[in-house]
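Data block below; observations after.
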Amino acid sequence: MLNHKETLNVKYEPSYFISNYQKYFLEENTVKVIFSGGKIEITYFEKDIIKIFIGEKDETSIDTNAIHNCLKIIPPTIKEDEKNIIIYGDAVDTLIEKNSLKISFLSKDGKIINQDYNPVGKKDKKIFVSKANDCTAYYGFGEKSGSLNKKGQYMENFNTDDPAHDDNTPLLYKTIPFYIGVKPATMKNNYYYGIYFDNSYRSYFDMGKENRERIFFGAEGGQIQYYFIPGNTIKDVVSKYSILTGVMDMPPLWTLGYQQCRYSYSSRGELENIADTFRKKNIPCDCLYCDIHYMDSFKVMTFDGIKFPAPEDMLKNLHEKGFKVVTILDPGVKIEEEYSTYLNGLKEDCYVKKSDGELYVGEVWAGKSVFPDFSNYKAREWWKKELKDFISLGIDGIWNDMNEPAVFDNEYKTMPEECLHNSNKGTIEHKEFHNLYGMEMSRCSKEAQEELKENIRSFSMTRATFAGGQRYSSIWTGDNQSTWEHLRMSIPMNCNLGISGFSFVGNDVGGFGGNCNEELFIRWMQLGTFLPIFRNHSAIYTRRQEPWSFSKRAEKVAEKAINLRYRFIPYIYNMYYKSYKEGIPVFRPMVMEYPDDINVLDIYSQFMFGDNMLIAPVLYENERQKNVYLPEGIWYNYFTNEKFEGNNFYNIPVALDEILVFIKEGSIIPIFDEHINYIGEKDVPVTLEIFKGKGKILYYEDDGISLNYKRGEYNLYEIKSINAETQNTNINLIYKGLKNKKEFILKYK
Ligand code: GLC
């Protein structure tokens with residue numbers, strides 16, 4: 001087994017395990033093409049999604065837990081000629097060459113959208129799928145450092161705790177084996193498609209690094225099964241991918257507010273003092289986090305009785321001041337004879353075992369610990385029961401950490417891969433479940449909260465997860481560093497996470513490891529306004545990072561950034577509605593909005609925040625002028641109203657207390673135009689800022705806290721700006737599920 005940071009660095013190895021075509025037939029919805037040594041199965045799903053499974057003759061495809069809800073469709077037309085089997089779909093046809101076994105996906109006019117480079121291969125347990133490298137760009141791949149466009153790069157997926165990562169680190173905290181290819185079709189048009197490789201083993205993606213003509217992906221074990229997802233645009237592919245793997249729920253509105261964290265606020269007094277300081281200074285804040293020092297000897301689901309006495313009372317007090325409290329939860333359960341959680345799990349046989357049947361013991365914060373087997377339904381139910389007892393003290397959300405899982409006392413820094421999980425599919429080795437461990441833990445956190453607090457939205461955040469984990473939890477990108485490199489790295493990383501189905505994402509603002517400095521802190525807080533989750537976090541023994549920790553000047557900028565965040569909350573919430581409905585992320589690469597503009601293929605220094613806002617943060621020390629590219633159309637500087645013609649590069653002055661925000665002509669931005677200290681402090685009307693030009697938005701409204709929206713209790717308005725100059729705006733309530741209709745304040749810009 002490898003050390004947690006080592007990669008397999010896989011080279012392509014040709015080896016064909018199926019050959020000699022025999023016959024094909026249709027069984028239920030699946031076309032089965034039989035060869036002497038194996039078979040290819042093709043299944044069409046709704047929205048032109050196509051599943052490809054290649055296996056031994058008697059092998060059955062088993063989905064990972066990523067696959068959510070996608071309907072198979074009535075068998076498509078199939079034709080066989082001398083050379084090929086062709087399956088005709090609505091938008092895409094699949095062609096299988098009987099001799100070479102290669103698979104191609106064709107447009108309805110017979111053009112190749114995607115084709116195999118070599119036939120599928122299997123070497124020992126390693127599997128390989130290779131494709132022609134004919135795209136201008138590849139996006140997605142989940143949480144990866146480095147550039148936005150991954151063409152030419154090699155990446156691996158094995159959930160790994162690596163705080164010291166840089167732009168070339170191939171392994172990070174999460175595994176999302178999904179990418180989007182952009183292939184030029186004509187001078188003006190592209191083909192867009194996604195490939196989701198449904199395999200939870202350590203996987204690898206070589207996007208033309210080893211051989212420029214070929215990309216390949218595969219895994220150390222498991223089945224060869226992937227989904228081909230064609231689309232008209234990048235957004236279309238992302239949306240379809242989220243039908244396959246699911247979407248996030250509407251977040252509780254308070255989670256959009258400012259969140260303050262520190263490793264650790266180590267006593268009740270300190271936490272309450274932080275809360276009071278926010279209120280005294282009138283700096284808005286909605287949420288405080290308790291990191292590991294709230295626990296009694298790092299025993300999960302306990303409070304330290306001396307440092308955090310009367311936790312229920314503390315939580316009640318903080319709630320009265322308008323704060324929510326989120327507590328960290330690690331998977332490792334301390335081995336201690338009098339500790340009830342440990343004993344209960346033992347009694348119910350809920351921990352991961354080694355191959356000799358003994359309990360696996362690993363060292364984490366709490367010392368020697370055992371680990372819940374989240375692959376097992378019974379173990380998840382037990383864990384949820386423990387968690388519900390704990391949450392019922394008044395806890396508002398769960399921060400799932402260390403769930404790669406990270407352990408300290410072996411050379412791999414994780415659970416050895418031969419450990420055994422008693423999964424509901426049967427006994428499996430850790431190497432199959434490793435990448436799923438964090439996702440299943442975060443699922444427990446969501447379910448426990450929802451089962452306990454009926455009809456209240458839950459909040460969970462997780463460090464490790466897998467494709468589809470967006471259904472259960474928000475994420476943060478793990479331990480970063482207080483450096484300019486890490487500030488810059490967060491932008492392409494968030495963009496690619498958004499493309500990979502994760503919209504509800506944050507990075508530790510100010511940087512986790514190392515000491516931040518005033519200027520970096522200012523720039524990071526400015527960017528924080530536009531992160532889907534705005535959470536400031538820093539490590540033990542580093543310089544503190546609360547808004548007032550640097551200087552009066554930094555405090556003022558931080559306050560301004562936080563106030564701007566609260567101003568945009570109605571806009572952000574509306575963007576989350578898109579994530580919930582269609583899987584479209586809040587934080588987007590520019591290429592998602594302007595896919596035909598070659599200037600934005602690999603842009604990392606600016607991004608789109610929702611449909612209408614282009615953010616150009618300062619990312620370099622001492623930078624007071626920023627190069628900005630504005631795509632087609634007219635743009636307005638949000639703060640000065642200065643007008644810019646798009647399709648142009650600009651060099652724009654930007655003072656230390658400024659961030660550049662551009663709004664597209666015709667935009668309608670819903671905002672709160674009043675200061676609030678936290679969500680729900682008072683009722684604030686929604687103001688619509690209407691920019692010059694014509695435009696239209698859908699405005700979504702619900703109670704922000706309950707699950708009633710799932711039962712139709714929300715309003716949807718279509719707001720059209722017909723002519724901003726003559727102040728002509730139409731507001732139509734197109735769906736009414738709430739008792740009252742909203743009165744908007746209109747503000748023409
Ligand atoms: C891990 C987490 C970090 C947390 C620390 C202590 O490093 O990634 O966010 O503060 O553990 O719990």
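Chain labels run A, B, ... following the order of the structure tokens; each chain numbers its residues from 1, and ligands are numbered from 1 in the order shown.
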Legend entry - Distance filter 6 Å around ligand 1, atoms: only C-alpha atoms and all ligand atoms, out as number ranges by chain: A: 263, 291-292, 401, 478-479, 539
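Within stretch 101-132 of chain A, DSSP run on the backbone puts these residues in strand (DSSP E): Ile103, Ser104, Phe105, Leu106, Ser107, Ile112, Ile113, Asn114, Gln115, Gly121, Lys122, Lys123, Lys126, Ile127, Phe128, Val129, Ser130, Lys131 and Ala132 of chain A.
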Go ahead and dump the residues you just picked, all heavy atoms, as a short mmCIF file (atom, residue, chain, number, x, y, z; two decimals), in the first residue's frame.
```cif
data_model
loop_
_atom_site.label_atom_id
_atom_site.label_comp_id
_atom_site.auth_asym_id
_atom_site.auth_seq_id
_atom_site.Cartn_x
_atom_site.Cartn_y
_atom_site.Cartn_z
N ILE A 103 -15.65 1.60 -28.87
CA ILE A 103 -16.98 2.22 -28.76
C ILE A 103 -16.86 3.68 -29.17
O ILE A 103 -15.90 4.36 -28.79
CB ILE A 103 -17.49 2.13 -27.31
CG1 ILE A 103 -17.55 0.66 -26.88
CG2 ILE A 103 -18.84 2.81 -27.14
CD1 ILE A 103 -17.91 0.44 -25.43
N SER A 104 -17.85 4.15 -29.96
CA SER A 104 -17.90 5.59 -30.29
C SER A 104 -19.30 6.11 -30.00
O SER A 104 -20.27 5.35 -30.09
CB SER A 104 -17.64 5.85 -31.77
OG SER A 104 -16.51 5.16 -32.19
N PHE A 105 -19.37 7.39 -29.71
CA PHE A 105 -20.66 8.05 -29.55
C PHE A 105 -20.79 9.07 -30.67
O PHE A 105 -19.88 9.89 -30.89
CB PHE A 105 -20.75 8.72 -28.18
CG PHE A 105 -20.59 7.73 -27.06
CD1 PHE A 105 -19.36 7.58 -26.41
CD2 PHE A 105 -21.63 6.90 -26.69
CE1 PHE A 105 -19.18 6.64 -25.41
CE2 PHE A 105 -21.48 5.96 -25.69
CZ PHE A 105 -20.25 5.82 -25.05
N LEU A 106 -21.89 9.00 -31.39
CA LEU A 106 -22.04 9.82 -32.60
C LEU A 106 -23.23 10.75 -32.48
O LEU A 106 -24.27 10.40 -31.88
CB LEU A 106 -22.29 8.90 -33.81
CG LEU A 106 -21.33 7.73 -34.00
CD1 LEU A 106 -21.79 6.87 -35.17
CD2 LEU A 106 -19.93 8.26 -34.26
N SER A 107 -23.09 11.93 -33.09
CA SER A 107 -24.23 12.85 -33.16
C SER A 107 -25.21 12.30 -34.20
O SER A 107 -24.87 11.38 -34.96
CB SER A 107 -23.75 14.24 -33.58
OG SER A 107 -23.23 14.16 -34.88
N ILE A 112 -18.43 12.12 -34.97
CA ILE A 112 -17.95 11.51 -33.73
C ILE A 112 -17.88 12.55 -32.61
O ILE A 112 -17.20 13.57 -32.74
CB ILE A 112 -16.56 10.89 -33.94
CG1 ILE A 112 -16.70 9.70 -34.89
CG2 ILE A 112 -15.93 10.46 -32.62
CD1 ILE A 112 -15.39 9.16 -35.38
N ILE A 113 -18.56 12.28 -31.52
CA ILE A 113 -18.46 13.17 -30.35
C ILE A 113 -17.34 12.67 -29.44
O ILE A 113 -16.57 13.43 -28.88
CB ILE A 113 -19.78 13.20 -29.55
CG1 ILE A 113 -20.96 13.56 -30.46
CG2 ILE A 113 -19.69 14.20 -28.39
CD1 ILE A 113 -22.31 13.48 -29.77
N ASN A 114 -17.26 11.36 -29.35
CA ASN A 114 -16.27 10.78 -28.45
C ASN A 114 -15.98 9.36 -28.94
O ASN A 114 -16.90 8.64 -29.32
CB ASN A 114 -16.86 10.75 -27.03
CG ASN A 114 -15.96 10.05 -26.04
OD1 ASN A 114 -15.98 8.82 -25.96
ND2 ASN A 114 -15.20 10.80 -25.29
N GLN A 115 -14.70 8.99 -28.95
CA GLN A 115 -14.40 7.63 -29.41
C GLN A 115 -13.25 7.01 -28.63
O GLN A 115 -12.33 7.71 -28.19
CB GLN A 115 -14.06 7.63 -30.90
CG GLN A 115 -12.83 8.44 -31.24
CD GLN A 115 -12.53 8.42 -32.72
OE1 GLN A 115 -12.72 7.40 -33.37
NE2 GLN A 115 -12.06 9.54 -33.26
N GLY A 121 -9.30 -2.14 -21.43
CA GLY A 121 -8.29 -3.11 -21.02
C GLY A 121 -8.32 -3.41 -19.53
O GLY A 121 -8.83 -2.64 -18.73
N LYS A 122 -7.75 -4.56 -19.19
CA LYS A 122 -7.68 -4.97 -17.79
C LYS A 122 -6.33 -5.63 -17.60
O LYS A 122 -5.98 -6.54 -18.35
CB LYS A 122 -8.79 -5.98 -17.54
CG LYS A 122 -9.25 -6.04 -16.12
CD LYS A 122 -10.44 -6.99 -16.04
CE LYS A 122 -11.23 -6.80 -14.79
NZ LYS A 122 -12.41 -7.67 -14.77
N LYS A 123 -5.54 -5.16 -16.65
CA LYS A 123 -4.24 -5.75 -16.38
C LYS A 123 -4.20 -6.08 -14.91
O LYS A 123 -4.29 -5.18 -14.08
CB LYS A 123 -3.16 -4.72 -16.75
CG LYS A 123 -1.76 -5.24 -16.76
CD LYS A 123 -1.48 -5.91 -18.09
CE LYS A 123 -0.21 -6.74 -18.08
NZ LYS A 123 0.97 -6.04 -18.47
N LYS A 126 -6.11 -3.88 -12.45
CA LYS A 126 -6.21 -2.50 -12.96
C LYS A 126 -7.05 -2.46 -14.23
O LYS A 126 -6.90 -3.31 -15.10
CB LYS A 126 -4.82 -1.98 -13.32
CG LYS A 126 -4.08 -1.41 -12.17
CD LYS A 126 -3.02 -0.44 -12.71
CE LYS A 126 -1.94 -0.20 -11.70
NZ LYS A 126 -0.87 -1.20 -11.73
N ILE A 127 -7.89 -1.44 -14.32
CA ILE A 127 -8.70 -1.33 -15.54
C ILE A 127 -8.40 -0.01 -16.25
O ILE A 127 -8.00 0.97 -15.63
CB ILE A 127 -10.20 -1.45 -15.22
CG1 ILE A 127 -10.61 -0.46 -14.13
CG2 ILE A 127 -10.54 -2.86 -14.80
CD1 ILE A 127 -12.05 -0.60 -13.69
N PHE A 128 -8.60 -0.05 -17.57
CA PHE A 128 -8.27 1.12 -18.40
C PHE A 128 -9.36 1.36 -19.43
O PHE A 128 -9.77 0.43 -20.13
CB PHE A 128 -6.99 0.87 -19.20
CG PHE A 128 -5.76 0.72 -18.36
CD1 PHE A 128 -5.34 -0.52 -17.93
CD2 PHE A 128 -5.02 1.84 -18.02
CE1 PHE A 128 -4.20 -0.67 -17.15
CE2 PHE A 128 -3.87 1.71 -17.25
CZ PHE A 128 -3.46 0.46 -16.81
N VAL A 129 -9.80 2.60 -19.51
CA VAL A 129 -10.66 3.01 -20.62
C VAL A 129 -9.90 4.14 -21.31
O VAL A 129 -9.47 5.08 -20.64
CB VAL A 129 -12.02 3.55 -20.12
CG1 VAL A 129 -12.88 4.01 -21.28
CG2 VAL A 129 -12.74 2.48 -19.30
N SER A 130 -9.71 4.03 -22.61
CA SER A 130 -8.95 5.11 -23.26
C SER A 130 -9.76 5.73 -24.38
O SER A 130 -10.57 5.08 -25.02
CB SER A 130 -7.63 4.56 -23.80
OG SER A 130 -7.84 3.94 -25.04
N LYS A 131 -9.55 7.03 -24.55
CA LYS A 131 -10.33 7.80 -25.53
C LYS A 131 -9.36 8.68 -26.31
O LYS A 131 -8.30 9.04 -25.80
CB LYS A 131 -11.32 8.72 -24.79
CG LYS A 131 -12.25 8.00 -23.82
CD LYS A 131 -13.50 7.59 -24.53
CE LYS A 131 -14.41 6.75 -23.70
NZ LYS A 131 -15.40 6.08 -24.52
N ALA A 132 -9.80 9.07 -27.50
CA ALA A 132 -8.98 10.00 -28.28
C ALA A 132 -8.93 11.34 -27.54
O ALA A 132 -9.93 11.79 -26.99
CB ALA A 132 -9.60 10.20 -29.66
#
```
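For the pair atom CA of A:Ile572 and atom CA of A:Ile669, the separation is 9.6 Å.
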Contact check, stretch 234-295 of chain A to stretch 465-468 of chain A, at most 8 Å, counting only C-alpha atoms, closest pairs as a Markdown table:
```
| residue | atom | partner | partner_atom | distance |
| --- | --- | --- | --- | --- |
| A:Thr245 | CA | A:Gly468 | CA | 4.7 |
| A:Gly246 | CA | A:Gly468 | CA | 6.0 |
| A:Val247 | CA | A:Gly468 | CA | 7.8 |
```
Legend entry - Residue contacts of A:Asn211 (12 Å, only C-alpha atoms) excluding same-chain residues fewer than 2 positions away, as a ChimeraX atom specification: /A:11-12,117,130-133,151-154,206-209,213-216
Legend entry - Exercise: A:Pro76 partners within 12 Å, only C-alpha atoms, chain neighbours under 4 positions left out, as a PyMOL selection string: chain A and resi 26-31+42-46+48+50+72+86-94
Keeping only C-alpha atoms, write the selected residues as a PDB file, in the first residue's frame.
```
ATOM      1  CA  LEU A  26     -31.755  -6.869 -25.722  1.00  0.00           C
ATOM      2  CA  GLU A  27     -32.618  -7.736 -22.153  1.00  0.00           C
ATOM      3  CA  GLU A  28     -35.021  -5.357 -20.464  1.00  0.00           C
ATOM      4  CA  ASN A  29     -33.561  -1.954 -21.339  1.00  0.00           C
ATOM      5  CA  THR A  30     -30.016  -3.109 -21.865  1.00  0.00           C
ATOM      6  CA  VAL A  31     -28.275  -4.061 -25.082  1.00  0.00           C
ATOM      7  CA  ILE A  42     -25.203  -0.450 -23.145  1.00  0.00           C
ATOM      8  CA  THR A  43     -28.164   1.096 -21.339  1.00  0.00           C
ATOM      9  CA  TYR A  44     -29.928   4.276 -22.354  1.00  0.00           C
ATOM     10  CA  PHE A  45     -31.378   6.540 -19.672  1.00  0.00           C
ATOM     11  CA  GLU A  46     -33.537   9.647 -19.723  1.00  0.00           C
ATOM     12  CA  ASP A  48     -29.699  10.814 -23.443  1.00  0.00           C
ATOM     13  CA  ILE A  50     -25.831   6.255 -21.708  1.00  0.00           C
ATOM     14  CA  LYS A  72     -33.917   3.859 -17.903  1.00  0.00           C
ATOM     15  CA  ILE A  86     -25.286   0.591 -33.706  1.00  0.00           C
ATOM     16  CA  ILE A  87     -27.742   1.659 -31.030  1.00  0.00           C
ATOM     17  CA  TYR A  88     -29.821   4.651 -32.033  1.00  0.00           C
ATOM     18  CA  GLY A  89     -30.816   7.106 -29.311  1.00  0.00           C
ATOM     19  CA  ASP A  90     -32.686  10.423 -29.449  1.00  0.00           C
ATOM     20  CA  ALA A  91     -29.618  12.622 -29.424  1.00  0.00           C
ATOM     21  CA  VAL A  92     -26.668  10.243 -29.574  1.00  0.00           C
ATOM     22  CA  ASP A  93     -25.995   6.896 -31.226  1.00  0.00           C
ATOM     23  CA  THR A  94     -23.583   4.341 -29.826  1.00  0.00           C
TER      24      THR A  94
END
```
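The gap separating atom CA of A:Pro284 from atom CA of A:Arg565 is 9.5 Å, in Å to one decimal.
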Legend entry - alpha helix (DSSP H) positions in stretch 330-423 of chain A, given as a PyMOL selection string: chain A and resi 340-347+377-391
Inset, instruction - Provide the atom CA of A:Gly511 to atom CA of A:Asn480 distance in Å, to one decimal place. - result: 5.6 Å
Legend entry - A:Val10, A:Lys749, A:Pro670, A:Glu645 ranked by distance to A:Lys692, top pick (using only C-alpha atoms): A:Lys749
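Among the candidates A:Asn159, A:Thr414, A:Gln259, A:Ser100, the one nearest to A:Ile176 when counting only C-alpha atoms is A:Asn159.
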Sorted per-residue table, stretch 599-650 of chain A near stretch 697-716 of chain A, closest atoms and distance, 12 Å, only C-alpha atoms, as CSV:
```
residue,atom,partner,partner_atom,distance
A:Gly610,CA,A:Ile697,CA,11.6
A:Asp611,CA,A:Ile697,CA,9.6
A:Asn612,CA,A:Ile697,CA,10.1
```
Inset, instruction - Would you list the contacts of stretch 629-642 of chain A as a PyMOL selection string, taking every protein, DNA or RNA residue within 6 Å and counting only C-alpha atoms, but skipping same-chain residues closer than 6 positions in sequence? - result: chain A and resi 648-649+661-665
Resulting file, chosen residues, all heavy atoms, as a tab-separated table (two decimals), in the first residue's frame:
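Saved result, part_13.tsv, follows:
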```
chain	number	residue	atom	x	y	z
A	648	ASN	N	-13.35	42.65	-24.27
A	648	ASN	CA	-12.16	43.49	-24.12
A	648	ASN	C	-11.41	43.16	-22.84
A	648	ASN	O	-12.01	42.74	-21.86
A	648	ASN	CB	-12.59	44.96	-23.98
A	648	ASN	CG	-12.72	45.62	-25.32
A	648	ASN	OD1	-11.86	45.47	-26.19
A	648	ASN	ND2	-13.80	46.35	-25.49
A	649	PHE	N	-10.11	43.42	-22.91
A	649	PHE	CA	-9.28	43.33	-21.71
A	649	PHE	C	-9.13	44.74	-21.14
A	649	PHE	O	-8.97	45.70	-21.89
A	649	PHE	CB	-7.89	42.79	-22.04
A	649	PHE	CG	-7.91	41.33	-22.39
A	649	PHE	CD1	-8.12	40.91	-23.70
A	649	PHE	CD2	-7.71	40.38	-21.40
A	649	PHE	CE1	-8.13	39.56	-24.01
A	649	PHE	CE2	-7.72	39.02	-21.72
A	649	PHE	CZ	-7.93	38.61	-23.02
A	661	VAL	N	-16.28	44.06	-9.00
A	661	VAL	CA	-17.50	43.30	-9.24
A	661	VAL	C	-18.20	43.93	-10.45
A	661	VAL	O	-18.47	45.13	-10.44
A	661	VAL	CB	-18.44	43.35	-8.01
A	661	VAL	CG1	-19.76	42.63	-8.29
A	661	VAL	CG2	-17.75	42.74	-6.79
A	662	PHE	N	-18.45	43.13	-11.47
A	662	PHE	CA	-19.11	43.64	-12.67
A	662	PHE	C	-20.46	42.97	-12.85
A	662	PHE	O	-20.61	41.76	-12.63
A	662	PHE	CB	-18.24	43.38	-13.90
A	662	PHE	CG	-16.91	44.05	-13.82
A	662	PHE	CD1	-15.81	43.36	-13.30
A	662	PHE	CD2	-16.75	45.37	-14.21
A	662	PHE	CE1	-14.58	43.98	-13.19
A	662	PHE	CE2	-15.52	46.00	-14.09
A	662	PHE	CZ	-14.43	45.30	-13.58
A	663	ILE	N	-21.41	43.79	-13.28
A	663	ILE	CA	-22.78	43.28	-13.47
A	663	ILE	C	-23.12	43.40	-14.95
A	663	ILE	O	-22.89	44.44	-15.57
A	663	ILE	CB	-23.79	44.10	-12.64
A	663	ILE	CG1	-23.34	44.22	-11.18
A	663	ILE	CG2	-25.19	43.50	-12.75
A	663	ILE	CD1	-23.44	42.99	-10.35
A	664	LYS	N	-23.68	42.35	-15.48
A	664	LYS	CA	-24.04	42.33	-16.90
A	664	LYS	C	-25.26	43.20	-17.14
A	664	LYS	O	-26.17	43.25	-16.31
A	664	LYS	CB	-24.35	40.86	-17.28
A	664	LYS	CG	-24.60	40.60	-18.74
A	664	LYS	CD	-23.30	40.35	-19.47
A	664	LYS	CE	-23.47	40.23	-20.97
A	664	LYS	NZ	-23.52	38.87	-21.42
A	665	GLU	N	-25.29	43.88	-18.28
A	665	GLU	CA	-26.46	44.70	-18.63
A	665	GLU	C	-27.74	43.87	-18.52
A	665	GLU	O	-27.73	42.67	-18.78
A	665	GLU	CB	-26.33	45.23	-20.06
A	665	GLU	CG	-26.24	44.11	-21.08
A	665	GLU	CD	-26.13	44.60	-22.52
A	665	GLU	OE1	-26.61	45.70	-22.82
A	665	GLU	OE2	-25.56	43.84	-23.33
```
Hey, what's within 6 Å of stretch 676-690 of chain A if we count only C-alpha atoms and toss same-chain stuff fewer than 3 positions away? As a short mmCIF file (atom, residue, chain, number, x, y, z; two decimals) with all heavy atoms, in the first residue's frame, please?
```
data_model
loop_
_atom_site.label_atom_id
_atom_site.label_comp_id
_atom_site.auth_asym_id
_atom_site.auth_seq_id
_atom_site.Cartn_x
_atom_site.Cartn_y
_atom_site.Cartn_z
N TRP A 254 -29.63 30.72 7.08
CA TRP A 254 -28.55 31.24 7.94
C TRP A 254 -27.18 30.79 7.49
O TRP A 254 -26.18 31.45 7.76
CB TRP A 254 -28.80 30.88 9.41
CG TRP A 254 -28.83 29.40 9.73
CD1 TRP A 254 -29.94 28.63 9.84
CD2 TRP A 254 -27.71 28.54 10.01
NE1 TRP A 254 -29.60 27.33 10.16
CE2 TRP A 254 -28.24 27.24 10.28
CE3 TRP A 254 -26.33 28.71 10.06
CZ2 TRP A 254 -27.41 26.14 10.58
CZ3 TRP A 254 -25.52 27.62 10.36
CH2 TRP A 254 -26.06 26.35 10.61
N PRO A 284 -21.84 41.61 11.20
CA PRO A 284 -22.77 40.49 11.12
C PRO A 284 -22.07 39.14 11.19
O PRO A 284 -20.95 38.97 10.69
CB PRO A 284 -23.43 40.66 9.74
CG PRO A 284 -23.12 42.05 9.31
CD PRO A 284 -21.87 42.46 10.01
N CYS A 285 -22.73 38.20 11.82
CA CYS A 285 -22.22 36.83 11.88
C CYS A 285 -23.39 35.93 12.25
O CYS A 285 -24.20 36.27 13.11
CB CYS A 285 -21.10 36.71 12.92
SG CYS A 285 -20.44 35.04 13.07
N ASP A 286 -23.49 34.79 11.60
CA ASP A 286 -24.59 33.86 11.85
C ASP A 286 -24.18 32.59 12.54
O ASP A 286 -25.01 31.90 13.08
CB ASP A 286 -25.25 33.48 10.51
CG ASP A 286 -26.52 34.27 10.29
OD1 ASP A 286 -27.57 33.82 10.75
OD2 ASP A 286 -26.44 35.36 9.69
N ILE A 668 -30.94 41.88 -12.95
CA ILE A 668 -31.81 42.27 -11.84
C ILE A 668 -31.24 41.56 -10.61
O ILE A 668 -31.21 40.33 -10.56
CB ILE A 668 -33.26 41.81 -12.10
CG1 ILE A 668 -33.76 42.43 -13.41
CG2 ILE A 668 -34.16 42.16 -10.93
CD1 ILE A 668 -35.06 41.83 -13.92
N ILE A 669 -30.75 42.34 -9.66
CA ILE A 669 -30.07 41.72 -8.50
C ILE A 669 -30.92 41.94 -7.25
O ILE A 669 -31.08 43.07 -6.79
CB ILE A 669 -28.67 42.36 -8.28
CG1 ILE A 669 -27.85 42.41 -9.58
CG2 ILE A 669 -27.92 41.65 -7.17
CD1 ILE A 669 -27.23 41.12 -10.01
N PRO A 670 -31.47 40.86 -6.71
CA PRO A 670 -32.24 41.01 -5.46
C PRO A 670 -31.29 41.15 -4.27
O PRO A 670 -30.37 40.34 -4.12
CB PRO A 670 -33.03 39.69 -5.35
CG PRO A 670 -32.62 38.86 -6.52
CD PRO A 670 -31.47 39.48 -7.20
N ILE A 671 -31.52 42.15 -3.45
CA ILE A 671 -30.61 42.40 -2.31
C ILE A 671 -31.39 42.75 -1.04
O ILE A 671 -32.58 43.08 -1.10
CB ILE A 671 -29.64 43.57 -2.61
CG1 ILE A 671 -30.42 44.85 -2.93
CG2 ILE A 671 -28.68 43.24 -3.73
CD1 ILE A 671 -29.65 46.10 -2.61
N PHE A 672 -30.69 42.69 0.10
CA PHE A 672 -31.17 43.31 1.35
C PHE A 672 -30.48 44.66 1.44
O PHE A 672 -29.26 44.72 1.52
CB PHE A 672 -30.75 42.48 2.58
CG PHE A 672 -31.51 41.20 2.78
CD1 PHE A 672 -30.89 40.10 3.39
CD2 PHE A 672 -32.85 41.09 2.43
CE1 PHE A 672 -31.59 38.92 3.62
CE2 PHE A 672 -33.55 39.90 2.65
CZ PHE A 672 -32.92 38.83 3.25
N PHE A 744 -41.76 44.01 -3.55
CA PHE A 744 -40.34 44.34 -3.79
C PHE A 744 -40.17 45.86 -3.85
O PHE A 744 -41.07 46.58 -4.26
CB PHE A 744 -39.90 43.77 -5.14
CG PHE A 744 -39.91 42.27 -5.19
CD1 PHE A 744 -41.03 41.59 -5.69
CD2 PHE A 744 -38.82 41.53 -4.78
CE1 PHE A 744 -41.05 40.21 -5.76
CE2 PHE A 744 -38.83 40.14 -4.85
CZ PHE A 744 -39.95 39.48 -5.34
N ILE A 745 -39.00 46.29 -3.46
CA ILE A 745 -38.65 47.70 -3.68
C ILE A 745 -37.81 47.74 -4.95
O ILE A 745 -36.90 46.92 -5.11
CB ILE A 745 -37.82 48.24 -2.49
CG1 ILE A 745 -38.67 48.15 -1.21
CG2 ILE A 745 -37.34 49.65 -2.74
CD1 ILE A 745 -37.88 48.44 0.06
N LEU A 746 -38.11 48.62 -5.86
CA LEU A 746 -37.34 48.67 -7.11
C LEU A 746 -36.34 49.83 -7.07
O LEU A 746 -36.67 50.93 -6.65
CB LEU A 746 -38.28 48.86 -8.31
CG LEU A 746 -39.41 47.86 -8.47
CD1 LEU A 746 -40.10 48.02 -9.82
CD2 LEU A 746 -38.90 46.43 -8.32
N LYS A 747 -35.14 49.52 -7.51
CA LYS A 747 -34.11 50.56 -7.50
C LYS A 747 -33.41 50.50 -8.86
O LYS A 747 -32.75 49.50 -9.17
CB LYS A 747 -33.13 50.23 -6.37
CG LYS A 747 -32.24 51.35 -5.96
CD LYS A 747 -31.58 50.98 -4.63
CE LYS A 747 -30.37 51.80 -4.35
NZ LYS A 747 -29.63 51.31 -3.19
N TYR A 748 -33.59 51.53 -9.66
CA TYR A 748 -32.98 51.53 -10.99
C TYR A 748 -31.57 52.08 -10.88
O TYR A 748 -31.33 53.08 -10.24
CB TYR A 748 -33.84 52.35 -11.96
CG TYR A 748 -35.14 51.63 -12.25
CD1 TYR A 748 -36.28 51.85 -11.47
CD2 TYR A 748 -35.20 50.69 -13.27
CE1 TYR A 748 -37.45 51.17 -11.70
CE2 TYR A 748 -36.38 50.00 -13.51
CZ TYR A 748 -37.50 50.24 -12.72
OH TYR A 748 -38.66 49.54 -12.96
N LYS A 749 -30.66 51.39 -11.53
CA LYS A 749 -29.24 51.78 -11.40
C LYS A 749 -28.78 52.59 -12.61
O LYS A 749 -29.21 52.35 -13.71
CB LYS A 749 -28.38 50.53 -11.29
CG LYS A 749 -28.68 49.69 -10.07
CD LYS A 749 -28.01 50.21 -8.83
CE LYS A 749 -26.53 49.93 -8.84
NZ LYS A 749 -25.86 50.22 -7.59
#
```
